[in-house]
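Printed here is work-v7.tsv (TSV, C-alpha atoms (C1' of nucleotides)):
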```tsv
chain	number	residue	atom	x	y	z
G	1	MET	CA	-4.83	-16.01	-4.91
G	2	LEU	CA	-1.30	-16.79	-6.03
G	3	GLU	CA	0.14	-19.85	-7.71
G	4	ILE	CA	2.20	-22.24	-5.64
G	5	GLU	CA	5.37	-21.09	-7.39
G	6	ASN	CA	4.73	-17.54	-6.32
G	7	VAL	CA	4.02	-18.52	-2.73
G	8	THR	CA	7.26	-20.52	-2.75
G	9	GLN	CA	9.15	-17.55	-4.07
G	10	ILE	CA	7.72	-15.11	-1.56
G	11	LEU	CA	8.48	-17.42	1.33
G	12	ARG	CA	12.07	-17.83	0.19
G	13	ASP	CA	12.48	-14.12	-0.46
G	14	ASN	CA	11.51	-13.48	3.13
G	15	GLY	CA	13.84	-16.09	4.55
G	16	PHE	CA	11.23	-18.70	5.36
G	17	LYS	CA	11.48	-22.34	4.45
G	18	VAL	CA	9.04	-23.85	2.04
G	19	THR	CA	7.29	-26.76	3.70
G	20	PRO	CA	4.42	-28.99	2.61
G	21	GLN	CA	2.42	-27.68	5.56
G	22	ARG	CA	2.77	-24.07	4.52
G	23	LEU	CA	1.82	-24.78	0.95
G	24	ALA	CA	-1.11	-26.90	2.07
G	25	VAL	CA	-2.37	-24.14	4.32
G	26	TYR	CA	-2.14	-21.61	1.55
G	27	GLU	CA	-3.84	-23.93	-0.94
G	28	ALA	CA	-6.67	-24.67	1.45
G	29	LEU	CA	-7.25	-21.00	2.18
G	30	ALA	CA	-7.09	-19.99	-1.46
G	31	ALA	CA	-9.49	-22.77	-2.45
G	32	THR	CA	-12.28	-21.86	-0.08
G	33	GLU	CA	-14.66	-18.92	-0.02
G	34	MET	CA	-15.66	-19.39	3.57
G	35	HIS	CA	-13.09	-17.04	5.09
G	36	PRO	CA	-12.13	-19.57	7.74
G	37	ASN	CA	-10.55	-18.95	11.09
G	38	ALA	CA	-7.59	-21.02	12.24
G	39	GLU	CA	-9.68	-23.85	13.55
G	40	MET	CA	-11.85	-24.10	10.44
G	41	LEU	CA	-8.71	-24.21	8.36
G	42	TYR	CA	-7.32	-26.92	10.60
G	43	ASN	CA	-10.49	-28.96	10.14
G	44	ILE	CA	-10.40	-28.50	6.39
G	45	LEU	CA	-6.83	-29.77	6.28
G	46	GLN	CA	-7.34	-32.64	8.70
G	47	PRO	CA	-8.54	-35.29	6.22
G	48	GLN	CA	-5.65	-34.83	3.82
G	49	TYR	CA	-3.05	-33.91	6.44
G	50	PRO	CA	-3.95	-35.91	9.55
G	51	THR	CA	-0.82	-34.80	11.37
G	52	MET	CA	-1.36	-31.13	10.70
G	53	SER	CA	-1.17	-29.19	13.93
G	54	LEU	CA	-3.39	-26.30	14.90
G	55	ALA	CA	-0.28	-24.55	16.16
G	56	THR	CA	1.21	-24.82	12.70
G	57	VAL	CA	-1.87	-23.22	11.20
G	58	TYR	CA	-1.57	-20.31	13.60
G	59	LYS	CA	2.15	-19.90	13.01
G	60	THR	CA	1.69	-20.12	9.27
G	61	MET	CA	-1.06	-17.54	9.17
G	62	ASP	CA	1.06	-15.26	11.27
G	63	ILE	CA	3.90	-15.52	8.76
G	64	PHE	CA	1.58	-15.18	5.79
G	65	ALA	CA	0.00	-12.05	7.22
G	66	GLY	CA	3.45	-10.65	7.84
G	67	ILE	CA	4.64	-11.11	4.29
G	68	GLY	CA	1.37	-10.02	2.70
G	69	LEU	CA	0.09	-13.38	1.54
G	70	VAL	CA	-3.17	-13.14	3.47
G	71	GLN	CA	-5.27	-10.53	5.16
G	72	ILE	CA	-6.79	-10.87	8.58
G	73	LEU	CA	-10.50	-10.23	9.06
G	74	ASN	CA	-12.10	-9.26	12.32
G	75	THR	CA	-15.84	-9.58	11.92
G	76	GLY	CA	-16.56	-9.17	15.61
G	77	GLU	CA	-16.24	-12.83	16.50
G	78	ASP	CA	-13.89	-14.20	19.10
G	79	SER	CA	-11.44	-15.45	16.51
G	80	PHE	CA	-9.84	-13.96	13.45
G	81	ARG	CA	-10.72	-15.07	9.95
G	82	TYR	CA	-8.34	-15.11	7.02
G	83	ASP	CA	-8.61	-14.20	3.36
G	84	ALA	CA	-6.11	-15.20	0.68
G	85	ASN	CA	-7.26	-12.22	-1.32
G	86	THR	CA	-5.23	-9.37	0.12
G	87	SER	CA	-7.01	-6.58	-1.71
G	88	SER	CA	-9.00	-4.30	0.59
G	89	HIS	CA	-12.48	-5.30	-0.46
G	90	PRO	CA	-15.60	-5.07	1.70
G	91	HIS	CA	-17.03	-8.15	3.38
G	92	ILE	CA	-20.56	-9.03	4.32
G	93	LYS	CA	-21.62	-11.39	7.05
G	94	CYS	CA	-24.94	-13.12	7.48
G	95	ILE	CA	-26.29	-12.63	10.97
G	96	CYS	CA	-28.18	-15.92	10.68
G	97	CYS	CA	-25.73	-18.45	9.25
G	98	ASN	CA	-22.54	-16.48	10.01
G	99	LYS	CA	-21.29	-16.91	6.47
G	100	VAL	CA	-18.80	-14.26	5.41
G	101	ALA	CA	-18.73	-13.28	1.74
G	102	ASP	CA	-16.63	-10.95	-0.38
G	103	ILE	CA	-18.00	-7.93	-2.13
G	104	PHE	CA	-16.04	-7.33	-5.27
G	105	ASP	CA	-16.45	-4.72	-7.98
G	106	ILE	CA	-17.80	-2.08	-5.69
G	107	ASP	CA	-16.46	1.44	-5.88
G	108	ASP	CA	-15.39	2.55	-2.44
G	109	GLU	CA	-12.90	5.08	-3.74
G	110	PRO	CA	-15.14	8.11	-3.27
G	111	LEU	CA	-15.67	7.19	0.37
G	112	ILE	CA	-11.97	6.67	0.95
G	113	LYS	CA	-11.13	9.96	-0.69
G	114	ALA	CA	-13.73	11.77	1.37
G	115	ALA	CA	-12.47	10.17	4.57
G	116	GLN	CA	-8.92	11.20	3.79
G	117	GLU	CA	-9.92	14.77	3.05
G	118	LYS	CA	-12.19	15.13	6.05
G	119	THR	CA	-9.73	13.78	8.59
G	120	GLY	CA	-6.31	14.71	7.26
G	121	PHE	CA	-5.16	11.15	8.00
G	122	GLN	CA	-2.63	9.36	5.83
G	123	LEU	CA	-4.74	6.33	5.11
G	124	THR	CA	-3.05	2.95	5.15
G	125	GLY	CA	-6.00	0.59	5.18
G	126	ARG	CA	-9.66	0.05	5.78
G	127	GLN	CA	-12.09	-2.57	6.94
G	128	ILE	CA	-15.64	-2.41	5.69
G	129	TYR	CA	-18.09	-4.95	7.05
G	130	PHE	CA	-21.77	-5.18	6.26
G	131	TYR	CA	-24.15	-7.26	8.31
G	132	GLY	CA	-27.50	-8.63	7.28
G	133	LYS	CA	-29.47	-11.66	6.20
G	134	CYS	CA	-28.28	-13.53	3.15
G	135	PRO	CA	-30.69	-14.52	0.37
G	136	ARG	CA	-30.73	-18.16	1.46
G	137	CYS	CA	-31.59	-17.30	5.06
G	138	GLN	CA	-34.25	-14.84	3.89
G	139	LYS	CA	-36.03	-17.77	2.22
G	140	ILE	CA	-35.62	-20.11	5.16
G	141	SER	CA	-36.79	-17.70	7.85
G	142	PRO	CA	-38.20	-14.56	6.27
G	143	ASP	CA	-39.62	-13.16	9.52
G	144	THR	CA	-36.84	-13.21	12.04
G	145	HIS	CA	-34.97	-9.94	12.32
B	146	MET	CA	-25.67	12.14	23.03
B	147	LEU	CA	-28.85	12.43	25.06
B	148	GLU	CA	-29.71	14.54	28.04
B	149	ILE	CA	-29.82	12.90	31.43
B	150	GLU	CA	-33.60	13.16	31.51
B	151	ASN	CA	-33.84	11.18	28.31
B	152	VAL	CA	-31.46	8.51	29.53
B	153	THR	CA	-33.53	8.27	32.70
B	154	GLN	CA	-36.70	7.91	30.69
B	155	ILE	CA	-35.32	5.26	28.37
B	156	LEU	CA	-33.98	3.22	31.27
B	157	ARG	CA	-37.37	3.34	33.02
B	158	ASP	CA	-39.25	2.57	29.82
B	159	ASN	CA	-37.23	-0.59	29.52
B	160	GLY	CA	-37.75	-1.66	33.09
B	161	PHE	CA	-34.32	-0.74	34.38
B	162	LYS	CA	-33.67	1.25	37.50
B	163	VAL	CA	-31.97	4.60	37.29
B	164	THR	CA	-28.84	4.59	39.40
B	165	PRO	CA	-26.08	7.14	39.89
B	166	GLN	CA	-23.65	4.62	38.43
B	167	ARG	CA	-25.59	4.25	35.21
B	168	LEU	CA	-25.97	7.97	34.75
B	169	ALA	CA	-22.31	8.52	35.52
B	170	VAL	CA	-21.27	5.93	32.98
B	171	TYR	CA	-23.45	7.50	30.33
B	172	GLU	CA	-22.21	10.98	31.15
B	173	ALA	CA	-18.60	9.90	30.99
B	174	LEU	CA	-19.06	8.18	27.67
B	175	ALA	CA	-21.01	11.07	26.17
B	176	ALA	CA	-18.43	13.58	27.36
B	177	THR	CA	-15.42	11.94	25.77
B	178	GLU	CA	-14.39	11.60	22.16
B	179	MET	CA	-11.93	8.83	22.79
B	180	HIS	CA	-14.31	5.94	22.15
B	181	PRO	CA	-13.18	4.14	25.29
B	182	ASN	CA	-13.39	0.46	26.07
B	183	ALA	CA	-14.74	-0.72	29.41
B	184	GLU	CA	-11.46	-0.34	31.21
B	185	MET	CA	-10.79	3.15	29.89
B	186	LEU	CA	-14.28	4.17	31.02
B	187	TYR	CA	-13.59	2.66	34.40
B	188	ASN	CA	-10.38	4.67	34.69
B	189	ILE	CA	-12.14	7.85	33.63
B	190	LEU	CA	-14.77	7.35	36.31
B	191	GLN	CA	-12.39	6.28	39.04
B	192	PRO	CA	-11.46	9.76	40.38
B	193	GLN	CA	-15.03	10.91	40.80
B	194	TYR	CA	-16.49	7.52	41.65
B	195	PRO	CA	-13.80	5.66	43.58
B	196	THR	CA	-16.09	2.74	44.32
B	197	MET	CA	-17.19	2.27	40.73
B	198	SER	CA	-16.68	-1.34	39.74
B	199	LEU	CA	-15.39	-2.53	36.38
B	200	ALA	CA	-18.14	-5.15	36.45
B	201	THR	CA	-20.71	-2.38	36.71
B	202	VAL	CA	-19.24	-0.69	33.66
B	203	TYR	CA	-19.54	-3.91	31.67
B	204	LYS	CA	-23.09	-4.59	32.81
B	205	THR	CA	-24.11	-1.02	32.16
B	206	MET	CA	-22.70	-1.01	28.66
B	207	ASP	CA	-24.45	-4.28	27.98
B	208	ILE	CA	-27.77	-2.77	29.01
B	209	PHE	CA	-27.10	0.46	27.12
B	210	ALA	CA	-26.26	-1.43	23.95
B	211	GLY	CA	-29.43	-3.47	24.36
B	212	ILE	CA	-31.71	-0.45	24.62
B	213	GLY	CA	-29.95	1.53	21.93
B	214	LEU	CA	-28.16	4.07	24.08
B	215	VAL	CA	-24.69	3.19	22.81
B	216	GLN	CA	-23.12	1.40	19.92
B	217	ILE	CA	-20.33	-1.12	20.17
B	218	LEU	CA	-17.20	-0.66	18.08
B	219	ASN	CA	-14.82	-3.41	17.06
B	220	THR	CA	-11.70	-1.79	15.73
B	221	GLY	CA	-9.70	-5.00	15.66
B	222	GLU	CA	-8.43	-4.75	19.20
B	223	ASP	CA	-8.94	-7.35	21.89
B	224	SER	CA	-11.65	-5.34	23.58
B	225	PHE	CA	-14.74	-3.53	22.42
B	226	ARG	CA	-15.01	0.22	22.38
B	227	TYR	CA	-18.19	2.20	22.92
B	228	ASP	CA	-19.76	5.23	21.31
B	229	ALA	CA	-22.62	7.24	22.78
B	230	ASN	CA	-23.47	8.33	19.26
B	231	THR	CA	-25.58	5.48	17.97
B	232	SER	CA	-25.73	6.60	14.36
B	233	SER	CA	-23.86	4.29	11.97
B	234	HIS	CA	-21.01	6.58	11.08
B	235	PRO	CA	-17.53	5.54	9.95
B	236	HIS	CA	-14.62	5.62	12.36
B	237	ILE	CA	-10.93	6.14	11.78
B	238	LYS	CA	-8.13	4.87	13.95
B	239	CYS	CA	-4.57	6.09	14.14
B	240	ILE	CA	-2.11	3.25	13.83
B	241	CYS	CA	0.41	5.23	15.84
B	242	CYS	CA	-1.47	6.62	18.85
B	243	ASN	CA	-4.49	4.29	18.64
B	244	LYS	CA	-6.88	7.21	18.84
B	245	VAL	CA	-10.29	6.47	17.35
B	246	ALA	CA	-12.19	9.36	15.80
B	247	ASP	CA	-15.60	9.79	14.25
B	248	ILE	CA	-16.16	10.68	10.65
B	249	PHE	CA	-19.33	12.66	10.32
B	250	ASP	CA	-20.97	14.20	7.29
B	251	ILE	CA	-19.72	11.63	4.87
B	252	ASP	CA	-22.06	10.04	2.37
B	253	ASP	CA	-21.82	6.28	2.63
B	254	GLU	CA	-25.27	5.70	1.20
B	255	PRO	CA	-24.09	4.89	-2.33
B	256	LEU	CA	-21.79	2.20	-0.98
B	257	ILE	CA	-24.51	0.70	1.18
B	258	LYS	CA	-26.97	0.70	-1.69
B	259	ALA	CA	-24.43	-0.95	-3.98
B	260	ALA	CA	-23.61	-3.59	-1.38
B	261	GLN	CA	-27.27	-4.39	-0.94
B	262	GLU	CA	-27.84	-4.69	-4.65
B	263	LYS	CA	-24.73	-6.75	-5.32
B	264	THR	CA	-25.32	-9.28	-2.57
B	265	GLY	CA	-29.07	-9.52	-2.22
B	266	PHE	CA	-28.63	-9.29	1.56
B	267	GLN	CA	-31.17	-7.54	3.75
B	268	LEU	CA	-28.75	-5.18	5.41
B	269	THR	CA	-29.13	-4.54	9.11
B	270	GLY	CA	-25.87	-2.82	9.94
B	271	ARG	CA	-22.38	-1.92	8.94
B	272	GLN	CA	-19.01	-1.14	10.40
B	273	ILE	CA	-16.65	1.04	8.43
B	274	TYR	CA	-13.17	1.55	9.83
B	275	PHE	CA	-10.31	3.43	8.28
B	276	TYR	CA	-6.75	3.10	9.49
B	277	GLY	CA	-3.91	5.50	9.05
B	278	LYS	CA	-1.73	8.12	10.64
B	279	CYS	CA	-3.43	11.11	12.22
B	280	PRO	CA	-2.22	14.66	11.49
B	281	ARG	CA	-0.56	14.96	14.89
B	282	CYS	CA	1.39	11.72	14.47
B	283	GLN	CA	2.37	12.73	10.94
B	284	LYS	CA	4.12	15.76	12.43
B	285	ILE	CA	5.75	13.84	15.25
B	286	SER	CA	7.09	10.98	13.13
B	287	PRO	CA	6.62	11.73	9.46
B	288	ASP	CA	8.73	8.83	8.23
B	289	THR	CA	7.36	5.75	9.88
B	290	HIS	CA	4.78	3.97	7.77
C	291	DA	C1'	25.95	-34.94	5.83
C	292	DA	C1'	25.22	-30.70	8.66
C	293	DT	C1'	22.30	-27.48	10.90
C	294	DG	C1'	19.06	-24.31	11.98
C	295	DA	C1'	14.28	-23.88	11.03
C	296	DA	C1'	9.94	-25.93	11.42
C	297	DC	C1'	6.83	-29.47	13.05
C	298	DG	C1'	3.32	-31.95	16.22
C	299	DG	C1'	1.11	-32.42	20.33
C	300	DA	C1'	0.01	-30.90	24.54
C	301	DA	C1'	0.28	-27.76	28.07
C	302	DA	C1'	0.26	-22.95	29.38
C	303	DA	C1'	-0.67	-18.25	28.98
C	304	DT	C1'	-3.42	-14.50	28.20
C	305	DT	C1'	-6.97	-11.51	29.29
C	306	DA	C1'	-11.46	-9.65	28.26
C	307	DT	C1'	-15.65	-10.65	30.11
C	308	DT	C1'	-18.95	-13.00	33.20
C	309	DA	C1'	-20.57	-15.07	37.44
C	310	DC	C1'	-20.99	-14.92	42.23
C	311	DT	C1'	-22.39	-13.11	46.80
C	312	DA	C1'	-23.22	-10.26	50.60
C	313	DA	C1'	-24.46	-5.58	51.18
C	314	DT	C1'	-26.83	-1.68	49.43
C	315	DT	C1'	-30.34	0.86	47.03
C	316	DA	C1'	-34.22	2.47	43.85
C	317	DG	C1'	-38.81	2.60	43.39
C	318	DA	C1'	-43.32	1.35	44.80
C	319	DA	C1'	-46.64	0.78	48.26
C	320	DA	C1'	-48.39	1.55	52.82
A	321	DT	C1'	-42.10	9.00	55.85
A	322	DT	C1'	-41.43	4.36	56.52
A	323	DT	C1'	-41.40	-0.17	54.88
A	324	DC	C1'	-40.67	-3.61	51.64
A	325	DT	C1'	-38.48	-6.12	47.99
A	326	DA	C1'	-36.35	-7.13	43.97
A	327	DA	C1'	-32.84	-5.01	41.42
A	328	DT	C1'	-28.32	-3.35	41.59
A	329	DT	C1'	-23.65	-2.81	43.16
A	330	DA	C1'	-18.58	-3.70	44.56
A	331	DG	C1'	-15.13	-6.66	44.74
A	332	DT	C1'	-13.31	-10.78	43.59
A	333	DA	C1'	-13.07	-15.18	41.70
A	334	DA	C1'	-14.10	-17.89	37.82
A	335	DT	C1'	-14.71	-18.56	33.00
A	336	DA	C1'	-13.88	-19.32	28.42
A	337	DA	C1'	-11.60	-19.83	24.45
A	338	DT	C1'	-8.21	-18.29	21.40
A	339	DT	C1'	-3.59	-18.06	20.77
A	340	DT	C1'	1.14	-18.90	22.24
A	341	DT	C1'	4.75	-21.43	24.20
A	342	DC	C1'	7.44	-25.42	24.93
A	343	DC	C1'	10.38	-29.07	23.52
A	344	DG	C1'	11.90	-33.32	21.53
A	345	DT	C1'	11.77	-34.83	16.83
A	346	DT	C1'	11.83	-34.15	11.94
A	347	DC	C1'	12.91	-31.84	7.79
A	348	DA	C1'	14.37	-28.26	4.14
A	349	DT	C1'	18.20	-26.24	2.43
A	350	DT	C1'	23.08	-25.61	1.64
```
Go ahead and render the structure in this file as structure tokens.
Amino acid sequence: MLEIENVTQILRDNGFKVTPQRLAVYEALAATEMHPNAEMLYNILQPQYPTMSLATVYKTMDIFAGIGLVQILNTGEDSFRYDANTSSHPHIKCICCNKVADIFDIDDEPLIKAAQEKTGFQLTGRQIYFYGKCPRCQKISPDTH
Amino acid sequence: MLEIENVTQILRDNGFKVTPQRLAVYEALAATEMHPNAEMLYNILQPQYPTMSLATVYKTMDIFAGIGLVQILNTGEDSFRYDANTSSHPHIKCICCNKVADIFDIDDEPLIKAAQEKTGFQLTGRQIYFYGKCPRCQKISPDTH
DNA sequence: AATGAACGGAAAATTATTACTAATTAGAAA
DNA sequence: TTTCTAATTAGTAATAATTTTCCGTTCATT
């Protein structure tokens, strides 16, 4: 969730050119809460950037992930999703509507500490995914599942 | 981690035939701690069961997952890994040697409870993966990462 | 203005997984 | 035991779908 100036700076610092496409991709990702995959992002950008290429989205996300501007989510689908918030927060996915949401302000430190102590690993990252039925889907179809 | 008799029983209870292949696949998975994917399992079985087919491994794991004999892991790789321990325990993967290990006896209940309360989701499952460098790899190459 | 990077669009690659088919087999019934 | 039959298997081909590559054109930066 950086400002455009910061994105510009980080791109330049890493030797990448600053292009309207790259900024647009970042803006679109930062503006949505849907944790889109490449194709969703492409569709979001389509109206405003009709010539935007899916290949560009892929290449841009690859660069962004490399320089720490986005994190890649793997929720068990065929494609990867992206998050402009690069902090290691848990995610939760609705098994009915497939929506992926953030879980902020949750204290996972004790678990991380315990994992580190139990395994002797030098931890570098984590991915915590919860699965269940979101409140909206509970109302719509309370019985299923 | 069931005995063969139990696997046999569960297969029959669910209307599946008990075949040497299915028992061999279960045995191989239960005997290893490497959390193999389908191809690794196939390679493990190859020496003792030269005619074992990769397709059979896939179909068997599909059935096993369906009747609760195995759980499917998605550690961010291209393929799925399998675990004969169907309890929802965290896993940890070494970013150097790609080994995947279990983390038992760790209390993730507080985190689950907090996630449930924060989101209002009806939770049905979770996947907790840690990433880092295992003790062995720390000794071999202490600097990298 | 120069130039190497980046772009669009489409084609290609990748590769895990599934489908297919003839042959075999498990389990039930005779 | 033998027979019967639908389920299962081995081996291979096909699928599916995301992601990457390709390349001529355009553009950002110096």
For this session: Identify, on the basis of all atoms listed in the file, every residue whose closest approach to B:Pro280 does not exceed 7 Å; exclude the query and any residue fewer than 4 positions from it along the same chain; express the result as a ChimeraX atom specification.
Result: /G:120-121 /B:284
Restrict the selected residues to C-alpha atoms and save them as a short mmCIF file (atom, residue, chain, number, x, y, z; two decimals), in the frame of the given file.
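What follows is the written file result_25.cif:
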```cif
data_model
loop_
_atom_site.label_atom_id
_atom_site.label_comp_id
_atom_site.auth_asym_id
_atom_site.auth_seq_id
_atom_site.Cartn_x
_atom_site.Cartn_y
_atom_site.Cartn_z
CA GLY G 120 -6.31 14.71 7.26
CA PHE G 121 -5.16 11.15 8.00
CA LYS B 284 4.12 15.76 12.43
#
```
With a cut-off of 12 Å, could you pull out the residues of chain A touching chain G and give me the nearest pair of atoms for each, distance in Å to one decimal, using all atoms listed in the file, ordered by chain and ascending number, as a tab-separated table?
```
residue	atom	partner	partner_atom	distance
A:DA336	C1'	G:Asp78	CA	10.6
A:DA337	C1'	G:Asp78	CA	8.1
A:DT338	C1'	G:Ser79	CA	6.5
A:DT339	C1'	G:Tyr58	CA	7.8
A:DT340	C1'	G:Ala55	CA	8.4
A:DT341	C1'	G:Ala55	CA	10.0
A:DC342	C1'	G:Ala55	CA	11.7
A:DT346	C1'	G:Thr19	CA	12.0
A:DC347	C1'	G:Thr19	CA	8.6
A:DA348	C1'	G:Lys17	CA	6.6
A:DT349	C1'	G:Lys17	CA	8.0
```
Closest atom pairs, chain G residues within 12 Å of chain C, all atoms listed in the file, as a tab-separated table:
```
residue	atom	partner	partner_atom	distance
G:Gly15	CA	C:DA295	C1'	10.1
G:Phe16	CA	C:DA295	C1'	8.3
G:Lys17	CA	C:DA295	C1'	7.3
G:Val18	CA	C:DA296	C1'	9.6
G:Thr19	CA	C:DA296	C1'	8.2
G:Pro20	CA	C:DC297	C1'	10.7
G:Gln21	CA	C:DC297	C1'	8.9
G:Arg22	CA	C:DA296	C1'	10.1
G:Tyr49	CA	C:DG298	C1'	11.8
G:Pro50	CA	C:DG298	C1'	10.6
G:Thr51	CA	C:DG298	C1'	7.0
G:Met52	CA	C:DG298	C1'	7.3
G:Ser53	CA	C:DG298	C1'	5.7
G:Leu54	CA	C:DG298	C1'	8.9
G:Ala55	CA	C:DG298	C1'	8.2
G:Thr56	CA	C:DC297	C1'	7.3
G:Val57	CA	C:DC297	C1'	10.9
G:Lys59	CA	C:DA296	C1'	10.0
G:Thr60	CA	C:DA296	C1'	10.3
G:Asp78	CA	C:DA306	C1'	10.5
```
For this session: Report as a ChimeraX atom specification the set of chain G residues whose atoms approach chain B to within 10 Å, with distances computed over all atoms listed in the file.
Result: /G:72-78,80,90-95,101-112,114-116,118-138,145
Please produce a file of the residues just selected, as a short mmCIF file (atom, residue, chain, number, x, y, z; two decimals), in the coordinates of the input, where the atoms kept are C-alpha atoms.
```
data_model
loop_
_atom_site.label_atom_id
_atom_site.label_comp_id
_atom_site.auth_asym_id
_atom_site.auth_seq_id
_atom_site.Cartn_x
_atom_site.Cartn_y
_atom_site.Cartn_z
CA ILE G 72 -6.79 -10.87 8.58
CA LEU G 73 -10.50 -10.23 9.06
CA ASN G 74 -12.10 -9.26 12.32
CA THR G 75 -15.84 -9.58 11.92
CA GLY G 76 -16.56 -9.17 15.61
CA GLU G 77 -16.24 -12.83 16.50
CA ASP G 78 -13.89 -14.20 19.10
CA PHE G 80 -9.84 -13.96 13.45
CA PRO G 90 -15.60 -5.07 1.70
CA HIS G 91 -17.03 -8.15 3.38
CA ILE G 92 -20.56 -9.03 4.32
CA LYS G 93 -21.62 -11.39 7.05
CA CYS G 94 -24.94 -13.12 7.48
CA ILE G 95 -26.29 -12.63 10.97
CA ALA G 101 -18.73 -13.28 1.74
CA ASP G 102 -16.63 -10.95 -0.38
CA ILE G 103 -18.00 -7.93 -2.13
CA PHE G 104 -16.04 -7.33 -5.27
CA ASP G 105 -16.45 -4.72 -7.98
CA ILE G 106 -17.80 -2.08 -5.69
CA ASP G 107 -16.46 1.44 -5.88
CA ASP G 108 -15.39 2.55 -2.44
CA GLU G 109 -12.90 5.08 -3.74
CA PRO G 110 -15.14 8.11 -3.27
CA LEU G 111 -15.67 7.19 0.37
CA ILE G 112 -11.97 6.67 0.95
CA ALA G 114 -13.73 11.77 1.37
CA ALA G 115 -12.47 10.17 4.57
CA GLN G 116 -8.92 11.20 3.79
CA LYS G 118 -12.19 15.13 6.05
CA THR G 119 -9.73 13.78 8.59
CA GLY G 120 -6.31 14.71 7.26
CA PHE G 121 -5.16 11.15 8.00
CA GLN G 122 -2.63 9.36 5.83
CA LEU G 123 -4.74 6.33 5.11
CA THR G 124 -3.05 2.95 5.15
CA GLY G 125 -6.00 0.59 5.18
CA ARG G 126 -9.66 0.05 5.78
CA GLN G 127 -12.09 -2.57 6.94
CA ILE G 128 -15.64 -2.41 5.69
CA TYR G 129 -18.09 -4.95 7.05
CA PHE G 130 -21.77 -5.18 6.26
CA TYR G 131 -24.15 -7.26 8.31
CA GLY G 132 -27.50 -8.63 7.28
CA LYS G 133 -29.47 -11.66 6.20
CA CYS G 134 -28.28 -13.53 3.15
CA PRO G 135 -30.69 -14.52 0.37
CA ARG G 136 -30.73 -18.16 1.46
CA CYS G 137 -31.59 -17.30 5.06
CA GLN G 138 -34.25 -14.84 3.89
CA HIS G 145 -34.97 -9.94 12.32
#
```
For this session: Could you check how far atom CA of B:Arg226 sits from atom CA of G:Glu117, in Å to one decimal?
Result: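 Distance between the two atoms: 24.7 Å.
Atom CA of B:Gln154 lies 24.2 Å from atom C1' of A:DC324.
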Problem set entry | Pairwise distance for atom CA of G:Leu69 and atom CA of G:Ala84, rounded to one decimal in Å |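 Pair atom CA of G:Leu69 / atom CA of G:Ala84 returns 6.5 Å.
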Problem set entry | 9 Å contact set for G:Ile4, only C-alpha atoms (C1' of nucleotides), chain neighbours under 5 positions out, as a ChimeraX atom specification | /G:9,23,26-27
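Using all atoms listed in the file for every distance, the candidate list G:Cys97, G:Leu45, G:Met61, G:Leu2 yields G:Leu45 as the residue closest to G:Ala28.
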Go ahead and fit an axis-aligned box to every listed atom of stretch 321-327 of chain A plus 5 Å each side, and pass me the centre and edge lengths in Å, one decimal, as AutoDock Vina command-line options.
```
--center_x -37.5 --center_y 0.9 --center_z 49.0 --size_x 19.3 --size_y 26.1 --size_z 25.1
```
